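A.B. asks: Structure file target_36.tsv (TSV, C-alpha atoms) right here:
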```tsv
chain	number	residue	atom	x	y	z
A	1	MET	CA	34.46	-11.67	-5.81
A	2	GLN	CA	35.74	-8.08	-5.50
A	3	LYS	CA	34.46	-7.29	-8.99
A	4	GLN	CA	31.02	-8.63	-8.10
A	5	HIS	CA	30.96	-6.51	-4.93
A	6	THR	CA	31.93	-3.41	-6.92
A	7	GLU	CA	29.25	-4.11	-9.54
A	8	ARG	CA	26.61	-4.49	-6.82
A	9	LEU	CA	27.77	-1.28	-5.16
A	10	VAL	CA	27.55	0.66	-8.42
A	11	TYR	CA	24.12	-0.81	-9.14
A	12	ALA	CA	22.93	0.12	-5.62
A	13	ALA	CA	24.22	3.68	-6.11
A	14	ILE	CA	22.32	3.90	-9.40
A	15	LEU	CA	19.12	2.70	-7.68
A	16	ALA	CA	19.61	5.25	-4.87
A	17	ALA	CA	20.19	8.05	-7.40
A	18	GLN	CA	17.09	7.03	-9.34
A	19	ALA	CA	15.05	6.99	-6.13
A	20	ILE	CA	16.25	10.52	-5.29
A	21	VAL	CA	15.37	11.81	-8.76
A	22	ILE	CA	11.96	10.12	-8.67
A	23	GLY	CA	11.35	11.62	-5.20
A	24	TYR	CA	12.27	15.05	-6.54
A	25	PHE	CA	9.77	14.82	-9.39
A	26	GLU	CA	7.11	13.31	-7.15
A	27	ALA	CA	7.32	16.39	-4.94
A	28	PHE	CA	5.78	18.34	-7.83
A	29	LEU	CA	2.80	16.00	-8.22
A	30	PRO	CA	-0.40	17.15	-6.53
A	31	SER	CA	-1.41	15.27	-3.39
A	32	PRO	CA	-4.82	13.61	-3.41
A	33	ALA	CA	-5.76	15.93	-0.53
A	34	ALA	CA	-9.49	15.30	-0.81
A	35	ILE	CA	-9.04	11.56	-0.25
A	36	ALA	CA	-5.92	11.35	1.89
A	37	PRO	CA	-4.24	14.63	2.85
A	38	GLY	CA	-0.47	14.35	2.65
A	39	ALA	CA	-0.57	10.99	0.86
A	40	LYS	CA	1.83	10.39	-2.01
A	41	LEU	CA	2.30	7.51	-4.38
A	42	GLY	CA	5.75	6.75	-3.01
A	43	LEU	CA	7.20	6.14	-6.44
A	44	SER	CA	10.75	6.23	-5.12
A	45	ASN	CA	9.91	3.10	-3.10
A	46	LEU	CA	9.98	1.32	-6.45
A	47	MET	CA	13.76	1.32	-6.24
A	48	THR	CA	13.59	-0.31	-2.80
A	49	VAL	CA	11.42	-3.10	-4.21
A	50	VAL	CA	13.78	-3.57	-7.15
A	51	ALA	CA	16.75	-3.70	-4.76
A	52	LEU	CA	15.01	-6.19	-2.46
A	53	PHE	CA	14.58	-8.58	-5.37
A	54	SER	CA	17.87	-8.05	-7.17
A	55	LEU	CA	20.45	-7.45	-4.43
A	56	PRO	CA	21.25	-8.88	-1.00
A	57	THR	CA	19.03	-7.25	1.64
A	58	SER	CA	21.81	-5.20	3.23
A	59	TYR	CA	22.03	-3.11	0.05
A	60	SER	CA	18.34	-2.25	0.35
A	61	PHE	CA	18.97	-0.69	3.76
A	62	VAL	CA	21.77	1.43	2.32
A	63	ILE	CA	19.58	2.53	-0.58
A	64	ILE	CA	16.71	3.66	1.65
A	65	PHE	CA	19.09	5.50	3.95
A	66	LEU	CA	20.72	7.34	1.04
A	67	ARG	CA	17.36	8.12	-0.56
A	68	VAL	CA	15.71	9.40	2.59
A	69	PHE	CA	18.77	11.32	3.78
A	70	ALA	CA	19.32	13.03	0.42
A	71	THR	CA	15.67	13.89	-0.23
A	72	SER	CA	15.21	15.19	3.32
A	73	LEU	CA	18.37	17.24	3.08
A	74	LEU	CA	17.44	18.68	-0.32
A	75	PHE	CA	13.67	19.05	-0.06
A	76	GLY	CA	12.62	18.62	3.56
A	77	THR	CA	13.39	18.99	7.22
A	78	PHE	CA	14.46	16.81	10.11
A	79	SER	CA	10.83	15.81	10.67
A	80	THR	CA	10.63	14.81	7.00
A	81	PHE	CA	13.66	12.59	7.59
A	82	LEU	CA	12.10	11.07	10.71
A	83	TYR	CA	8.76	10.29	9.04
A	84	SER	CA	10.31	9.01	5.83
A	85	MET	CA	13.00	6.90	7.48
A	86	THR	CA	10.58	5.26	9.89
A	87	GLY	CA	8.12	4.53	7.10
A	88	ALA	CA	10.86	3.17	4.85
A	89	LEU	CA	12.28	0.94	7.61
A	90	PHE	CA	8.83	-0.41	8.59
A	91	SER	CA	8.18	-1.09	4.91
A	92	LEU	CA	11.52	-2.76	4.14
A	93	ILE	CA	11.51	-4.95	7.24
A	94	ALA	CA	7.94	-6.08	6.57
A	95	MET	CA	8.65	-6.77	2.90
A	96	TRP	CA	11.78	-8.75	3.81
A	97	ALA	CA	9.83	-10.77	6.40
A	98	ILE	CA	6.95	-11.54	4.03
A	99	LYS	CA	9.41	-12.41	1.27
A	100	GLN	CA	10.76	-15.18	3.53
A	101	LEU	CA	7.46	-17.05	2.99
A	102	GLY	CA	8.67	-17.79	-0.53
A	103	PRO	CA	7.26	-17.34	-4.01
A	104	ASN	CA	4.76	-20.18	-3.62
A	105	ARG	CA	2.93	-18.28	-0.89
A	106	VAL	CA	3.25	-14.62	-1.83
A	107	SER	CA	4.04	-12.65	-4.97
A	108	LEU	CA	6.29	-9.67	-5.51
A	109	ILE	CA	3.13	-7.59	-5.93
A	110	GLY	CA	1.76	-8.85	-2.61
A	111	ILE	CA	5.03	-8.06	-0.87
A	112	SER	CA	5.03	-4.53	-2.27
A	113	THR	CA	1.40	-4.08	-1.17
A	114	VAL	CA	2.35	-5.00	2.40
A	115	GLY	CA	5.23	-2.54	2.11
A	116	GLY	CA	2.85	0.27	1.12
A	117	PHE	CA	0.66	-0.35	4.16
A	118	MET	CA	3.61	-0.64	6.54
A	119	HIS	CA	5.17	2.57	5.25
A	120	ASN	CA	2.04	4.48	6.25
A	121	LEU	CA	1.85	2.67	9.59
A	122	GLY	CA	5.43	3.67	10.34
A	123	GLN	CA	4.76	7.31	9.54
A	124	LEU	CA	1.60	7.37	11.65
A	125	THR	CA	3.50	5.79	14.53
A	126	VAL	CA	6.01	8.65	14.42
A	127	ALA	CA	3.19	11.21	14.19
A	128	ALA	CA	1.45	9.68	17.21
A	129	ALA	CA	4.71	9.70	19.20
A	130	ILE	CA	5.48	13.31	18.31
A	131	ALA	CA	1.93	14.47	19.04
A	132	GLY	CA	1.80	12.39	22.21
A	133	SER	CA	-1.60	11.09	21.19
A	134	PRO	CA	-2.66	7.77	19.69
A	135	ALA	CA	-5.70	9.55	18.20
A	136	ILE	CA	-3.67	10.16	15.05
A	137	LEU	CA	-3.97	6.44	14.35
A	138	ASN	CA	-7.65	7.12	13.54
A	139	TYR	CA	-6.30	8.24	10.18
A	140	LEU	CA	-5.00	4.69	9.55
A	141	PRO	CA	-8.04	3.37	7.61
A	142	VAL	CA	-7.75	6.14	5.01
A	143	LEU	CA	-4.00	5.72	4.70
A	144	THR	CA	-4.38	1.93	4.59
A	145	LEU	CA	-6.39	2.19	1.38
A	146	ALA	CA	-3.91	4.67	-0.09
A	147	GLY	CA	-0.92	2.52	0.97
A	148	ILE	CA	-2.40	-0.69	-0.43
A	149	ALA	CA	-3.23	0.96	-3.75
A	150	ALA	CA	0.22	2.57	-4.04
A	151	GLY	CA	1.98	-0.64	-2.94
A	152	PHE	CA	0.06	-2.64	-5.52
A	153	ALA	CA	0.97	-0.19	-8.30
A	154	ILE	CA	4.63	-0.16	-7.23
A	155	GLY	CA	4.57	-3.98	-7.15
A	156	VAL	CA	3.21	-4.24	-10.69
A	157	ILE	CA	5.86	-1.85	-12.02
A	158	GLY	CA	8.58	-3.54	-9.92
A	159	ASN	CA	7.62	-6.97	-11.24
A	160	PHE	CA	7.99	-5.64	-14.79
A	161	LEU	CA	11.38	-4.07	-14.03
A	162	ILE	CA	12.78	-7.17	-12.31
A	163	ALA	CA	11.66	-9.36	-15.20
A	164	HIS	CA	13.51	-7.11	-17.62
A	165	LEU	CA	16.67	-6.77	-15.53
A	166	SER	CA	17.60	-10.32	-16.45
A	167	ALA	CA	18.11	-9.17	-20.03
A	168	THR	CA	20.86	-6.76	-18.98
A	169	ARG	CA	24.49	-7.79	-18.89
A	170	LEU	CA	24.88	-6.37	-15.40
A	171	PHE	CA	23.78	-9.57	-13.71
A	172	ARG	CA	25.23	-12.16	-16.06
A	173	ASN	CA	27.75	-13.38	-13.42
A	174	ASP	CA	25.78	-12.70	-10.23
A	175	PRO	CA	24.47	-15.94	-8.70
A	176	HIS	CA	22.37	-14.04	-6.12
A	177	PHE	CA	20.39	-12.28	-8.82
A	178	HIS	CA	19.83	-15.45	-10.85
A	179	GLU	CA	18.62	-17.29	-7.75
A	180	GLN	CA	16.19	-14.47	-6.99
A	181	TYR	CA	15.08	-14.26	-10.59
A	182	GLN	CA	14.43	-17.99	-10.85
A	183	GLN	CA	12.35	-17.97	-7.68
A	184	TRP	CA	10.27	-14.82	-8.05
A	185	VAL	CA	9.86	-13.87	-11.68
A	186	VAL	CA	9.49	-17.17	-13.55
```
So, in terms of structure tokens, how does the structure I just supplied come out?
C.D. replies:
Amino acid sequence: MQKQHTERLVYAAILAAQAIVIGYFEAFLPSPAAIAPGAKLGLSNLMTVVALFSLPTSYSFVIIFLRVFATSLLFGTFSTFLYSMTGALFSLIAMWAIKQLGPNRVSLIGISTVGGFMHNLGQLTVAAAIAGSPAILNYLPVLTLAGIAAGFAIGVIGNFLIAHLSATRLFRNDPHFHEQYQQWVV
């Protein structure tokens, strides 16, 4: 049992590190300012999706905290942390809740798509609270389209990654992963 916990911890640390590196490189990508100013693909959220489907949920919370804290500390400000953490929490909680419907009702791609929308909703909620005006939520339709598209893309890539994780030796003795794999990726 201790060995399994250690393996999961190491795997979660690897996912967090990958998310930080992806976030670093994504900072250099141009924003589609003409369509949605400030919008990003959210590629580092891919690691959250992978964690949600390969580890117990508590690890996903740790991964988003580490990712958001590190990227905000290295590349942002306190407001960056606030926006990113709220978006990530909205996204993770929504994805976890939708996942509870089961694989017969919703796919991994659908769950990720909901996560993309909720991430933007969380960030706009913080912006509205900071500005003291709900008028910022008028930007929601534009960000909804961007969030759905990004969530869908992340879901497609995540589905591919989860399907190929089963081939690694990392999860050969982890019943949680095999249960998740049997349900969602078959």
A.B. asks: Which of these, A:Gln100, A:Ala127, A:Val49, A:Thr57, has the shortest distance to Ser84 (chain A) once you count all atoms listed in the file?
C.D. replies: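 Closest to Ser84 (chain A) of all the choices is A:Ala127.
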A.B. asks: Taking all atoms listed in the file into account, which of A:Ser54, A:Tyr24, A:Thr6, A:Phe69 comes nearest His164 (chain A)?
C.D. replies: A:Ser54
A.B. asks: Kindly give the distance, in Å, that separates CA of Leu55 (chain A) and CA of Ala13 (chain A), rounded to a single decimal.
C.D. replies: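 These two atoms are separated by 11.9 Å.
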A.B. asks: Using all atoms listed in the file, give me every residue within 9 Å of (7.4, 6.0, -7.7) in file coordinates, as a PDB file with C-alpha atoms, in the coordinates of the input.
C.D. replies:
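Once everything was written out, this is selection30.pdb:
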```pdb
ATOM      1  CA  ALA A  19      15.050   6.990  -6.130  1.00  0.00           C
ATOM      2  CA  ILE A  22      11.960  10.120  -8.670  1.00  0.00           C
ATOM      3  CA  GLY A  23      11.350  11.620  -5.200  1.00  0.00           C
ATOM      4  CA  GLU A  26       7.110  13.310  -7.150  1.00  0.00           C
ATOM      5  CA  LEU A  41       2.300   7.510  -4.380  1.00  0.00           C
ATOM      6  CA  GLY A  42       5.750   6.750  -3.010  1.00  0.00           C
ATOM      7  CA  LEU A  43       7.200   6.140  -6.440  1.00  0.00           C
ATOM      8  CA  SER A  44      10.750   6.230  -5.120  1.00  0.00           C
ATOM      9  CA  ASN A  45       9.910   3.100  -3.100  1.00  0.00           C
ATOM     10  CA  LEU A  46       9.980   1.320  -6.450  1.00  0.00           C
ATOM     11  CA  MET A  47      13.760   1.320  -6.240  1.00  0.00           C
ATOM     12  CA  ALA A 150       0.220   2.570  -4.040  1.00  0.00           C
ATOM     13  CA  ALA A 153       0.970  -0.190  -8.300  1.00  0.00           C
ATOM     14  CA  ILE A 154       4.630  -0.160  -7.230  1.00  0.00           C
TER      15      ILE A 154
END
```
A.B. asks: Got a sec: who's within 7 Å of Phe152 (chain A), counting only C-alpha atoms, leaving out chain neighbours fewer than 3 positions off, as a PyMOL selection string?
C.D. replies: chain A and resi 109+112-113+148-149+155-156
A.B. asks: Residues at most 9 Å from Leu52 (chain A), counting all atoms listed in the file, excluding those fewer than 5 positions away in the same chain, as a list in words?
C.D. replies: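 Residues near the query, excluding close chain neighbours: Met47, Thr57, Ser58, Tyr59, Ser60, Leu92, Met95 and Trp96 of chain A.
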A.B. asks: For the atom pair CA of Ile162 (chain A) and CA of Ala97 (chain A), what is the interatomic distance in Å to one decimal place?
C.D. replies: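 Result for CA of Ile162 (chain A) versus CA of Ala97 (chain A): 19.3 Å, one decimal.
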A.B. asks: Counting only C-alpha atoms, which residue out of A:Leu121, A:Ala94, A:Val126, A:Val50 sits closest to Ser79 (chain A)?
C.D. replies: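 Answer, going by the shortest atom-to-atom distance: A:Val126.
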A.B. asks: Please work out which residues fall within 12 Å of (10.8, 9.8, 8.8), coordinates as given in the file, with all atoms listed in the file counting, and return them as a compact mmCIF listing (two decimals) with C-alpha atoms, keeping the file's coordinate frame.
C.D. replies:
```txt
# COMPACT_ATOMS: atom_id res chain seq x y z
CA ILE A 64 16.71 3.66 1.65
CA PHE A 65 19.09 5.50 3.95
CA ARG A 67 17.36 8.12 -0.56
CA VAL A 68 15.71 9.40 2.59
CA PHE A 69 18.77 11.32 3.78
CA THR A 71 15.67 13.89 -0.23
CA SER A 72 15.21 15.19 3.32
CA GLY A 76 12.62 18.62 3.56
CA THR A 77 13.39 18.99 7.22
CA PHE A 78 14.46 16.81 10.11
CA SER A 79 10.83 15.81 10.67
CA THR A 80 10.63 14.81 7.00
CA PHE A 81 13.66 12.59 7.59
CA LEU A 82 12.10 11.07 10.71
CA TYR A 83 8.76 10.29 9.04
CA SER A 84 10.31 9.01 5.83
CA MET A 85 13.00 6.90 7.48
CA THR A 86 10.58 5.26 9.89
CA GLY A 87 8.12 4.53 7.10
CA ALA A 88 10.86 3.17 4.85
CA LEU A 89 12.28 0.94 7.61
CA PHE A 90 8.83 -0.41 8.59
CA SER A 91 8.18 -1.09 4.91
CA HIS A 119 5.17 2.57 5.25
CA ASN A 120 2.04 4.48 6.25
CA LEU A 121 1.85 2.67 9.59
CA GLY A 122 5.43 3.67 10.34
CA GLN A 123 4.76 7.31 9.54
CA LEU A 124 1.60 7.37 11.65
CA THR A 125 3.50 5.79 14.53
CA VAL A 126 6.01 8.65 14.42
CA ALA A 127 3.19 11.21 14.19
CA ILE A 130 5.48 13.31 18.31
```
A.B. asks: Give the centre and edge lengths of an axis-aligned box, in Å to one decimal, that holds all listed atoms of region 44-52 of chain A with 6 Å on each side, as JSON.
C.D. replies:
```
{"center_x": 13.3, "center_y": 0.0, "center_z": -4.8, "size_x": 18.8, "size_y": 24.4, "size_z": 16.7}
```
A.B. asks: CA of Leu15 (chain A) and CA of Ile63 (chain A) are how many Å apart?
C.D. replies: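 If I compute the distance from CA of Leu15 (chain A) to CA of Ile63 (chain A), I get 7.1 Å.
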A.B. asks: Name the closest residue to Ala70 (chain A) among the candidates A:Ala17, A:Leu108, A:Leu29, A:Met118; distances are taken between atoms, counting only C-alpha atoms.
C.D. replies: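 Of all the options, A:Ala17 lies closest to Ala70 (chain A).
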A.B. asks: Give the answer as one residue: which of A:Gly151, A:Ala51, A:Gly116, A:Ala128 has the shortest atom-to-atom distance to Tyr11 (chain A), using all atoms listed in the file?
C.D. replies: A:Ala51
A.B. asks: Please write region 36-60 of chain A of the preceding block to a file containing N, CA, C and O atoms, as a short mmCIF file (atom, residue, chain, number, x, y, z; two decimals), in the first residue's frame?
C.D. replies:
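Result saved to out_16.cif:
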```cif
data_model
loop_
_atom_site.label_atom_id
_atom_site.label_comp_id
_atom_site.auth_asym_id
_atom_site.auth_seq_id
_atom_site.Cartn_x
_atom_site.Cartn_y
_atom_site.Cartn_z
N ALA A 36 -10.93 36.62 -28.91
CA ALA A 36 -11.17 36.60 -27.47
C ALA A 36 -9.93 37.14 -26.75
O ALA A 36 -9.03 36.37 -26.43
N PRO A 37 -9.88 38.43 -26.51
CA PRO A 37 -8.70 38.99 -25.84
C PRO A 37 -8.41 38.30 -24.51
O PRO A 37 -9.30 38.09 -23.70
N GLY A 38 -7.15 37.93 -24.33
CA GLY A 38 -6.74 37.28 -23.09
C GLY A 38 -6.97 35.78 -23.05
O GLY A 38 -6.52 35.11 -22.14
N ALA A 39 -7.67 35.24 -24.04
CA ALA A 39 -7.96 33.81 -24.05
C ALA A 39 -6.70 33.01 -24.39
O ALA A 39 -5.86 33.46 -25.16
N LYS A 40 -6.58 31.85 -23.76
CA LYS A 40 -5.48 30.94 -24.05
C LYS A 40 -6.08 29.55 -24.23
O LYS A 40 -7.21 29.29 -23.83
N LEU A 41 -5.31 28.67 -24.81
CA LEU A 41 -5.78 27.31 -24.99
C LEU A 41 -5.92 26.56 -23.68
O LEU A 41 -6.74 25.66 -23.56
N GLY A 42 -5.11 26.88 -22.71
CA GLY A 42 -5.16 26.18 -21.43
C GLY A 42 -4.58 24.79 -21.53
O GLY A 42 -5.10 23.84 -20.95
N LEU A 43 -3.50 24.67 -22.28
CA LEU A 43 -2.89 23.36 -22.51
C LEU A 43 -2.45 22.66 -21.23
O LEU A 43 -2.47 21.44 -21.15
N SER A 44 -2.09 23.44 -20.21
CA SER A 44 -1.66 22.81 -18.96
C SER A 44 -2.82 22.12 -18.25
O SER A 44 -2.61 21.25 -17.41
N ASN A 45 -4.05 22.48 -18.61
CA ASN A 45 -5.21 21.80 -18.04
C ASN A 45 -5.29 20.35 -18.50
O ASN A 45 -6.00 19.54 -17.91
N LEU A 46 -4.55 20.02 -19.54
CA LEU A 46 -4.48 18.64 -20.01
C LEU A 46 -4.02 17.71 -18.89
O LEU A 46 -4.54 16.62 -18.71
N MET A 47 -3.08 18.18 -18.10
CA MET A 47 -2.57 17.35 -17.01
C MET A 47 -3.62 17.16 -15.93
O MET A 47 -3.66 16.11 -15.27
N THR A 48 -4.49 18.14 -15.74
CA THR A 48 -5.59 17.99 -14.78
C THR A 48 -6.56 16.92 -15.26
O THR A 48 -7.01 16.08 -14.48
N VAL A 49 -6.87 16.93 -16.55
CA VAL A 49 -7.76 15.92 -17.11
C VAL A 49 -7.14 14.54 -16.99
O VAL A 49 -7.81 13.58 -16.58
N VAL A 50 -5.87 14.43 -17.31
CA VAL A 50 -5.19 13.13 -17.19
C VAL A 50 -5.22 12.66 -15.73
O VAL A 50 -5.50 11.50 -15.45
N ALA A 51 -4.96 13.56 -14.80
CA ALA A 51 -4.99 13.20 -13.38
C ALA A 51 -6.38 12.76 -12.94
O ALA A 51 -6.53 11.79 -12.19
N LEU A 52 -7.40 13.47 -13.40
CA LEU A 52 -8.78 13.16 -13.00
C LEU A 52 -9.17 11.75 -13.43
O LEU A 52 -9.97 11.10 -12.77
N PHE A 53 -8.58 11.27 -14.52
CA PHE A 53 -8.94 9.95 -15.03
C PHE A 53 -7.90 8.87 -14.75
O PHE A 53 -8.06 7.74 -15.18
N SER A 54 -6.84 9.22 -14.04
CA SER A 54 -5.85 8.19 -13.75
C SER A 54 -5.46 8.13 -12.27
O SER A 54 -4.75 7.21 -11.88
N LEU A 55 -5.90 9.09 -11.48
CA LEU A 55 -5.58 9.14 -10.06
C LEU A 55 -6.85 9.42 -9.25
O LEU A 55 -7.82 9.95 -9.79
N PRO A 56 -6.84 9.12 -7.97
CA PRO A 56 -7.95 9.56 -7.12
C PRO A 56 -8.06 11.10 -7.17
O PRO A 56 -7.07 11.80 -7.36
N THR A 57 -9.26 11.61 -7.02
CA THR A 57 -9.55 13.03 -7.22
C THR A 57 -8.70 13.95 -6.35
O THR A 57 -8.32 15.03 -6.78
N SER A 58 -8.38 13.54 -5.15
CA SER A 58 -7.60 14.41 -4.26
C SER A 58 -6.26 14.80 -4.87
O SER A 58 -5.78 15.91 -4.67
N TYR A 59 -5.67 13.92 -5.65
CA TYR A 59 -4.41 14.23 -6.31
C TYR A 59 -4.59 15.35 -7.35
O TYR A 59 -3.68 16.15 -7.56
N SER A 60 -5.73 15.38 -7.99
CA SER A 60 -6.00 16.42 -8.98
C SER A 60 -6.00 17.80 -8.34
O SER A 60 -5.50 18.76 -8.93
#
```
